[in-house]
Every structure is written in C-alpha cells, then in structure tokens.
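So the structure is just underneath, and the comments pick up after that.
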Amino acid sequence: MAYADLRDKLDCSICLSLYTDPVSLRCGHNFCRSCIVSALDAQEAAGVYSCPDCREESPQRPALEKKRKPANIVERFLSSQPDMESRIFCTYCIKSPIPAVRTCLHCEVSMCQEHLGAHNKAVEHSIIEPTVSFEGRKCSTHHEVLKYYCPVDGTCICVSCWVAGDHKGHDVQLLDVACEKEKEKLKTVLEELKSERQEAGRRVQNLKDRETEQRETSAALTEKVSGLFTDLREKLDGLEKRIQDNITRQQDQVSLSMSDLVRQVELHKDELTRKISQFERLCNISDPLTFLQEDCGDISGRSCDVIGEVGDAQCLDEDVVSLLLHSELLHFADSLIDMKIKRQFSVMEKSDILLDIDTAHNYIIISEDLRLASYTATSQNRPDGPKRFISRHVFSSRSFSSGRHYWEVDVSQAEKWLIGVAGESLERRVDGNKSIIGYNNKSWALSVIGGFGARHNNVFQSLVSDSPVGAVGIYLDYEARRLSFYQLCDPIRHLHTFTASFTEPLYAAFFVFPDSSIRIMK
C-alpha cells in the first residue's frame, strides 16, 4: 500500500488530485494555488479566513508561501509512473487507484496484492496477468473459462466443450502444455529463419564482392584499352571513344544486374528479420491463451529459396571489346594484332569454318564454297554413311578439341534457326531430341523457334534482343570451358555464354528449317 500512502500525501484536500503549483498557509497545510485562492475568495465576504483542513482562522487574508519541495516530489512521482491511462487498477480500491497485480477470469475483476490475498483464500479461480479484456477468454457457447487446447481443431476450449461439446473424445491439452509445445515448434522455425537470414547476408556480401571485382576488372580493361590506343590516338580517337562507351555500357549492365540481385536478397533478408522479430515477440508472451490466439502465420519451415546466386548476375565480357576492335580495325590487322597481344587482349580472329557435305541431311543443299546451307523439298540422294544425319542437320568439316575459335553466322535468311556446337558423339541416326542440337547434354545452341533463347539439355533460357538478330558471332574457348554468342550489330552485344566441361571434340552445328538458309560468314 506504499503507492496509495504516497499518493494520499501528494493529493490536494480541496480538488483531491495531485498538487498543481503547491502553496502552504501559515498553519502548514498545502493546497494547489488555484484551489486555495478560490477558497479564500469565497471567504472574503464573511471577513474571516480559515484553513480548509484545520479551520484555523485569520482576520486578514493569509499570505501564500510557494512550496518547492512538494512540487519536486510530485514531479518525480509523475515521471516514475507509467502512463496512467494504460494501466489496470484494482477493482476494489475505490478511494485511490492502486495498480492491479492479477485478474480473476471467473469474477472478471482485477486485484492489488492485498485483495488478491483475500481472494485466493476464498475461492480457487483462474488467475492471470492483469487485463481488462475478457472477450475471447471465455467459451462463447458455455460461457466458461477457456482452460484447454484441442490440437485436433487447433482451438482453445472450456471443460464443457471437452466433456459434452463438439470436442468430446478429443485428445486435449492444458493451455500451458500446449503453449510450450507450440513454442518449441516456433523456436525450431525461428532457428531455421535465423540460419536463412545468415545465408541471405552471406549472399548479399558475395554479390557486393563480385560487383567490386567486376568494377576492378572494368578499371583494368579500361586501362588496357587506353594503352592500346596510345600510339594511334591521332587517327583513332573516335574509335577509342566507341570502345570506352562499350565498356561503360557493359559496366552499367553489370551494375544494374548486381544492384537488382542485392536489392532482392536485402528485401528477403528484411522479411526474415521481420518474421524473426514477430516470432521472438510471440515467444516472449507469458500468457498461453494470448500466445495461442495470436496469428503466427506460416511456421511450416524455411521459405522457398528464390533468391539469385552470384553466378546469376551478368558479368563484364572482355571478349566483346576484343571483337569490336577486330571488326573496326581490319585494315590495321597486322600491326593491331601485335598491339593487342602486347596489351594482353585475346585475339579473336575468324577460324576457317566450312560445312561438311558428308554430314548434311538429304534435304539440305550445300553451296560450292561450303558456307551456305539451304533447305530443299527435293532429296539430294546422297550416299548414306556413318557421318550423315537423318535429321535436318549439318556439321562443320573441322572439329575443335583445344584452343580458342571464332566464327560468324548469317541467319537473316531464316525465319526460324538453330545454331551452336555439338559433340562428336551426338546421335546422327535418329530423328528426335537425341539428335537435335540444344535438346540433349551433348550440344549447346542459340535459337529462334517461337521465341529467342539459349538451349542445352532441353532446358530453354529466354533471351531479349533490342533488334532482330541477323548475324551471330560464336566464340569457343575450349580450355576455359566457355561458349559465347554475340549479336553482330551496332553496337556488338553479348547474348549468352554457356559454361561447360567439354570432354570430346566439338563441331559447329546447324539445324535448317523449311524455306530457310544459313551462311557461315567469311
């Protein structure tokens, strides 16, 4: 009762509230300044003034002395108390509001420590943390206190629901037992979410590290390009600018790709943090009923991982720069090749690629220069052989089992086309996915068949081009395990790169559709 005793000593006897600007009379009693001034004004007509507490009289209006000590005590008292409007007080303490320590669900009353002791001696009821909300704590059917939890229906029930109601015969649990079991499930999920958040943080860092690495690569490439043009600057200033723009454009694309992936993972990480905070808050709820009635959402386990890895991000392609240099400086070929080697650029000279007529399907016409493959409705009646395809394919005459190789293909005369590389062991004597390039694990292809994209092992990845693809550059680096496709327009643009472990000789491969032709460019 210390709270009530202190509160009584700080109450003005006139307004019965805490002192406001307290002052005292000569007798020593304290009042709010406004309260005692009003009282003395009312006594003025009688010509006699008296203290409202002790009735000590004075023929003259008494002087008011400001009391600093009570004012300081009131200020400290108020600052030490929580928001009074949000507190729950004892139902039985009428004179002074005393904070309640417990609430009886059966009687729907809240009690201070003193009244709680008397209540406990009188009757055994459900005593919980102080609350003013009894809605949802009693059965809507039987109006009894909810004491059990039915795992079958996932709801809190009263004893009558269990004995004679809809939950008769169900294996029910006490609220505190059910609460602990559900919390254990929640804690398991919480640990998984924390682990997933940690993994998300690792991915964010990996993406940022990769972006830094790409920026460093971009800076190194820019420096090499500047060095290459040192001796030719007077004649090739314009060309240098175009190459620098190409690098910048690539870096912008890399940065955009990286930033998007970082944003996705950070959003996912933020969502995990929100869930963790929510579940931690739920785990800190001491009242089983309150906990079980909270909406926990989906606590089935780890969320579906749809976050991109570092390898999903676009990377700076140094080969695009080399290809642009080659196409723009053909008339400087002899001197430029030496300069490129000096500046550590890869040399992307065209490989001598010709078509092998012994592999061509009988409805494919091969030109005299062995560079053009066209569809025909008339069989060419070529002699059968182990190399010949019975599907509409044709291979190059040479294979690649090491080194770097580059060739260009004109597809402008084909509404549908399928080009790429294939292993020597690709099936040739069947007509189906086993032999069509891109539809098996022995070939890699770029295609326009309904949509534009890259295909390997019958997995299609859709690609986007700003303009129709009329010519394609194909770059194979056997040791580096890379096969890249480039759109040959202004500017030259990287389309797609396959990364694979090549285990056998590879051939340039082409599938020819009706009313179409494909040409290997010189």
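Chain lettering (A, B, ...) mirrors the order of the structure tokens, residue numbering begins at 1 for each chain separately, and ligand numbering begins at 1 in order of display.
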Extract, using only C-alpha atoms, all DNA, RNA and protein residues at most 10 Å from region 399-402 of chain A, discarding same-chain residues fewer than 2 positions from it, and format them as a list in words. Ile353, Phe395, Ser396, Ser397, Arg404, His405, Val421, Ala422, Gly423, Glu424, Leu476, Asp477, Tyr478, Glu479, Ala480, Arg481, Phe502, Thr503, Glu504, Pro505, Leu506, Tyr507 and Ala508 of chain A
Hey, what does DSSP flag as helix (DSSP H, G or I) within region 120-351 of chain A? Can you give it to me as JSON, numbers by chain? {"A": [120, 121, 122, 159, 160, 161, 162, 163, 175, 176, 177, 178, 179, 180, 181, 182, 183, 184, 185, 186, 187, 188, 189, 190, 191, 192, 193, 194, 195, 196, 197, 198, 199, 200, 201, 202, 203, 204, 205, 206, 207, 208, 209, 210, 211, 212, 213, 214, 215, 216, 217, 218, 219, 220, 221, 222, 223, 224, 225, 226, 227, 228, 233, 234, 235, 236, 237, 238, 239, 240, 241, 242, 243, 244, 245, 246, 247, 248, 249, 250, 251, 252, 253, 254, 255, 256, 257, 258, 259, 260, 261, 262, 263, 264, 265, 266, 267, 268, 269, 270, 271, 272, 273, 274, 275, 276, 277, 278, 279, 280, 281, 282, 283, 288, 289, 290, 291, 292, 293, 310, 311, 312, 318, 319, 320, 321, 322, 323, 324, 325, 326, 327, 328, 330, 331, 332, 333, 334, 335, 336, 337, 338, 339, 340, 341, 342]}
Kindly save the residues from that selection, with C-alpha atoms included, as a CSV table (one decimal), in the first residue's frame.
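To be explicit, this is the file written out as selection_9.csv:
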```csv
chain,number,residue,atom,x,y,z
A,120,ASN,CA,-7.1,-16.6,-3.1
A,121,LYS,CA,-8.2,-17.7,0.4
A,122,ALA,CA,-11.9,-17.5,-0.5
A,159,VAL,CA,-14.2,-28.1,-19.9
A,160,SER,CA,-17.8,-28.4,-21.1
A,161,CYS,CA,-16.6,-28.4,-24.8
A,162,TRP,CA,-14.4,-31.3,-23.9
A,163,VAL,CA,-16.8,-33.3,-21.8
A,175,LEU,CA,-3.1,-24.5,-22.1
A,176,ASP,CA,0.4,-24.2,-20.6
A,177,VAL,CA,1.4,-27.7,-22.0
A,178,ALA,CA,0.0,-26.8,-25.5
A,179,CYS,CA,1.7,-23.4,-25.3
A,180,GLU,CA,5.1,-25.0,-24.6
A,181,LYS,CA,4.7,-27.5,-27.4
A,182,GLU,CA,3.8,-24.8,-29.9
A,183,LYS,CA,6.6,-22.6,-28.7
A,184,GLU,CA,9.0,-25.5,-29.3
A,185,LYS,CA,7.8,-25.7,-32.9
A,186,LEU,CA,8.1,-21.9,-33.3
A,187,LYS,CA,11.7,-22.0,-31.8
A,188,THR,CA,12.7,-24.6,-34.4
A,189,VAL,CA,11.4,-22.4,-37.2
A,190,LEU,CA,13.0,-19.4,-35.6
A,191,GLU,CA,16.4,-21.1,-35.7
A,192,GLU,CA,15.8,-22.0,-39.4
A,193,LEU,CA,14.9,-18.4,-40.2
A,194,LYS,CA,18.0,-17.1,-38.4
A,195,SER,CA,20.1,-19.5,-40.4
A,196,GLU,CA,18.4,-18.5,-43.6
A,197,ARG,CA,18.9,-14.8,-42.7
A,198,GLN,CA,22.6,-15.5,-42.2
A,199,GLU,CA,22.8,-17.2,-45.6
A,200,ALA,CA,21.0,-14.2,-47.1
A,201,GLY,CA,23.6,-12.0,-45.6
A,202,ARG,CA,26.3,-14.1,-47.0
A,203,ARG,CA,24.8,-13.9,-50.4
A,204,VAL,CA,24.5,-10.1,-50.2
A,205,GLN,CA,28.1,-9.9,-49.3
A,206,ASN,CA,29.1,-12.2,-52.1
A,207,LEU,CA,27.1,-10.1,-54.6
A,208,LYS,CA,28.8,-7.0,-53.4
A,209,ASP,CA,32.2,-8.6,-53.6
A,210,ARG,CA,31.5,-9.7,-57.1
A,211,GLU,CA,30.4,-6.2,-58.0
A,212,THR,CA,33.7,-4.8,-56.6
A,213,GLU,CA,35.6,-7.5,-58.6
A,214,GLN,CA,33.8,-6.5,-61.8
A,215,ARG,CA,34.5,-2.9,-61.2
A,216,GLU,CA,38.2,-3.7,-60.8
A,217,THR,CA,38.0,-5.7,-64.0
A,218,SER,CA,36.4,-2.8,-65.7
A,219,ALA,CA,39.1,-0.4,-64.5
A,220,ALA,CA,41.8,-2.8,-65.7
A,221,LEU,CA,40.2,-3.3,-69.0
A,222,THR,CA,39.8,0.5,-69.5
A,223,GLU,CA,43.5,1.0,-68.7
A,224,LYS,CA,44.4,-1.7,-71.3
A,225,VAL,CA,42.3,-0.1,-74.0
A,226,SER,CA,43.8,3.3,-73.2
A,227,GLY,CA,47.3,1.8,-73.5
A,228,LEU,CA,46.4,0.2,-76.9
A,233,ARG,CA,45.5,8.3,-80.8
A,234,GLU,CA,45.6,11.0,-83.5
A,235,LYS,CA,43.9,8.7,-86.1
A,236,LEU,CA,41.8,6.6,-83.7
A,237,ASP,CA,40.3,9.0,-81.1
A,238,GLY,CA,36.9,8.3,-82.3
A,239,LEU,CA,37.3,4.5,-82.2
A,240,GLU,CA,38.7,4.7,-78.7
A,241,LYS,CA,35.7,6.6,-77.5
A,242,ARG,CA,33.4,3.9,-79.0
A,243,ILE,CA,35.3,1.2,-77.2
A,244,GLN,CA,35.2,3.0,-73.9
A,245,ASP,CA,31.5,3.5,-74.4
A,246,ASN,CA,31.1,-0.2,-74.9
A,247,ILE,CA,32.9,-0.9,-71.6
A,248,THR,CA,30.8,1.7,-69.8
A,249,ARG,CA,27.7,0.2,-71.2
A,250,GLN,CA,28.7,-3.3,-70.1
A,251,GLN,CA,29.5,-2.0,-66.6
A,252,ASP,CA,26.2,-0.2,-66.4
A,253,GLN,CA,24.5,-3.5,-67.3
A,254,VAL,CA,26.6,-5.4,-64.7
A,255,SER,CA,25.9,-2.8,-62.0
A,256,LEU,CA,22.2,-2.9,-62.8
A,257,SER,CA,22.2,-6.7,-62.6
A,258,MET,CA,24.2,-6.7,-59.4
A,259,SER,CA,22.1,-4.0,-57.8
A,260,ASP,CA,18.9,-5.8,-58.6
A,261,LEU,CA,20.2,-9.1,-57.1
A,262,VAL,CA,21.4,-7.2,-54.0
A,263,ARG,CA,18.0,-5.5,-53.6
A,264,GLN,CA,16.2,-8.8,-53.9
A,265,VAL,CA,18.4,-10.5,-51.3
A,266,GLU,CA,18.2,-7.5,-48.9
A,267,LEU,CA,14.4,-7.4,-49.2
A,268,HIS,CA,14.4,-11.1,-48.4
A,269,LYS,CA,16.7,-10.5,-45.5
A,270,ASP,CA,14.5,-7.7,-44.2
A,271,GLU,CA,11.5,-10.0,-44.5
A,272,LEU,CA,13.3,-12.7,-42.5
A,273,THR,CA,14.2,-10.0,-39.8
A,274,ARG,CA,10.5,-9.0,-39.6
A,275,LYS,CA,9.4,-12.7,-39.2
A,276,ILE,CA,12.1,-13.3,-36.6
A,277,SER,CA,11.0,-10.2,-34.6
A,278,GLN,CA,7.4,-11.4,-34.8
A,279,PHE,CA,8.2,-14.9,-33.6
A,280,GLU,CA,10.5,-13.6,-30.9
A,281,ARG,CA,7.7,-11.4,-29.6
A,282,LEU,CA,5.4,-14.3,-29.6
A,283,CYS,CA,7.9,-16.5,-27.8
A,288,PRO,CA,-0.6,-19.2,-23.0
A,289,LEU,CA,-4.0,-18.2,-24.2
A,290,THR,CA,-2.8,-14.9,-25.6
A,291,PHE,CA,0.0,-16.7,-27.4
A,292,LEU,CA,-2.2,-19.4,-28.9
A,293,GLN,CA,-4.7,-16.9,-30.1
A,310,VAL,CA,26.2,-14.6,-57.5
A,311,GLY,CA,26.6,-16.6,-60.7
A,312,ASP,CA,23.2,-15.4,-61.9
A,318,GLU,CA,36.2,-8.6,-72.2
A,319,ASP,CA,35.7,-10.6,-75.4
A,320,VAL,CA,33.1,-8.0,-76.7
A,321,VAL,CA,35.8,-5.4,-76.6
A,322,SER,CA,38.2,-7.6,-78.4
A,323,LEU,CA,35.6,-8.4,-81.1
A,324,LEU,CA,34.8,-4.7,-81.6
A,325,LEU,CA,38.5,-4.0,-82.0
A,326,HIS,CA,38.8,-6.7,-84.6
A,327,SER,CA,35.8,-5.7,-86.7
A,328,GLU,CA,36.7,-2.0,-86.7
A,330,LEU,CA,40.6,-4.8,-90.2
A,331,HIS,CA,42.8,-2.5,-92.2
A,332,PHE,CA,45.2,-2.3,-89.3
A,333,ALA,CA,45.2,-6.1,-88.9
A,334,ASP,CA,48.9,-6.8,-88.9
A,335,SER,CA,50.0,-4.0,-86.6
A,336,LEU,CA,46.9,-4.2,-84.4
A,337,ILE,CA,47.3,-8.0,-83.7
A,338,ASP,CA,50.8,-7.3,-82.3
A,339,MET,CA,49.5,-4.4,-80.2
A,340,LYS,CA,46.6,-6.5,-78.9
A,341,ILE,CA,48.9,-9.2,-77.8
A,342,LYS,CA,51.2,-6.7,-76.1
```
Taking the DSSP assignment computed from this structure's backbone, write out as a ChimeraX atom specification all residues of region 331-508 of chain A that belong to strand (DSSP E or B). /A:350,355,364-366,372-375,393-400,404-410,417-423,443-449,451-456,459-462,471-477,482-487,493-499,506-508
Could you jot down the CA of Asp287 (chain A) to CA of Ile98 (chain A) separation for me, Å, one decimal place? 22.5 Å
Closest of A:Pro99, A:Gly420, A:Pro70, A:Gly165 to Thr131 (chain A), counting only C-alpha atoms, is A:Pro99
Quick one: of A:Arg398, A:Gln380, A:Glu144, A:Cys35, who's nearest to Asp356 (chain A), counting only C-alpha atoms?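 Checking each candidate against Asp356 (chain A), we get A:Arg398 as the closest.
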Residues within 9 Å of Ser435 (chain A), only C-alpha atoms, excluding chain neighbours under 4 positions, as a PyMOL selection string: chain A and resi 389-391+393+426-431+439-440
Save the residues we just selected, N, CA and C atoms, as a PDB file, in the first residue's frame?
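File selection.pdb, as written:
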```pdb
ATOM      1  N   PHE A 389      23.473 -37.199 -91.064  1.00  0.00           N
ATOM      2  CA  PHE A 389      22.304 -37.065 -90.197  1.00  0.00           C
ATOM      3  C   PHE A 389      21.035 -37.446 -90.956  1.00  0.00           C
ATOM      4  N   ILE A 390      20.091 -38.076 -90.226  1.00  0.00           N
ATOM      5  CA  ILE A 390      18.761 -38.295 -90.806  1.00  0.00           C
ATOM      6  C   ILE A 390      17.780 -37.238 -90.284  1.00  0.00           C
ATOM      7  N   SER A 391      18.283 -36.301 -89.449  1.00  0.00           N
ATOM      8  CA  SER A 391      17.536 -35.094 -89.091  1.00  0.00           C
ATOM      9  C   SER A 391      18.181 -33.939 -89.847  1.00  0.00           C
ATOM     10  N   HIS A 393      20.267 -31.641 -90.071  1.00  0.00           N
ATOM     11  CA  HIS A 393      21.487 -31.071 -89.512  1.00  0.00           C
ATOM     12  C   HIS A 393      22.613 -31.088 -90.526  1.00  0.00           C
ATOM     13  N   LEU A 426      27.282 -36.939 -80.851  1.00  0.00           N
ATOM     14  CA  LEU A 426      25.849 -36.650 -80.978  1.00  0.00           C
ATOM     15  C   LEU A 426      25.190 -37.676 -81.897  1.00  0.00           C
ATOM     16  N   GLU A 427      24.035 -38.179 -81.477  1.00  0.00           N
ATOM     17  CA  GLU A 427      23.323 -39.198 -82.249  1.00  0.00           C
ATOM     18  C   GLU A 427      22.947 -38.667 -83.623  1.00  0.00           C
ATOM     19  N   ARG A 428      23.279 -39.429 -84.677  1.00  0.00           N
ATOM     20  CA  ARG A 428      23.019 -38.981 -86.048  1.00  0.00           C
ATOM     21  C   ARG A 428      22.001 -39.840 -86.765  1.00  0.00           C
ATOM     22  N   ARG A 429      21.735 -41.029 -86.240  1.00  0.00           N
ATOM     23  CA  ARG A 429      20.907 -41.975 -86.988  1.00  0.00           C
ATOM     24  C   ARG A 429      19.480 -42.022 -86.480  1.00  0.00           C
ATOM     25  N   VAL A 430      19.056 -41.043 -85.692  1.00  0.00           N
ATOM     26  CA  VAL A 430      17.663 -40.937 -85.248  1.00  0.00           C
ATOM     27  C   VAL A 430      17.190 -39.520 -85.517  1.00  0.00           C
ATOM     28  N   ASP A 431      15.883 -39.375 -85.637  1.00  0.00           N
ATOM     29  CA  ASP A 431      15.287 -38.055 -85.852  1.00  0.00           C
ATOM     30  C   ASP A 431      14.459 -37.708 -84.619  1.00  0.00           C
ATOM     31  N   TYR A 439      18.932 -29.880 -77.498  1.00  0.00           N
ATOM     32  CA  TYR A 439      17.905 -30.681 -76.835  1.00  0.00           C
ATOM     33  C   TYR A 439      18.487 -31.871 -76.081  1.00  0.00           C
ATOM     34  N   ASN A 440      19.807 -31.919 -75.922  1.00  0.00           N
ATOM     35  CA  ASN A 440      20.461 -33.020 -75.234  1.00  0.00           C
ATOM     36  C   ASN A 440      21.709 -32.480 -74.532  1.00  0.00           C
TER      37      ASN A 440
END
```
Just how far from CA of Phe452 (chain A) is CA of Trp407 (chain A), in Å to one decimal? 20.2 Å
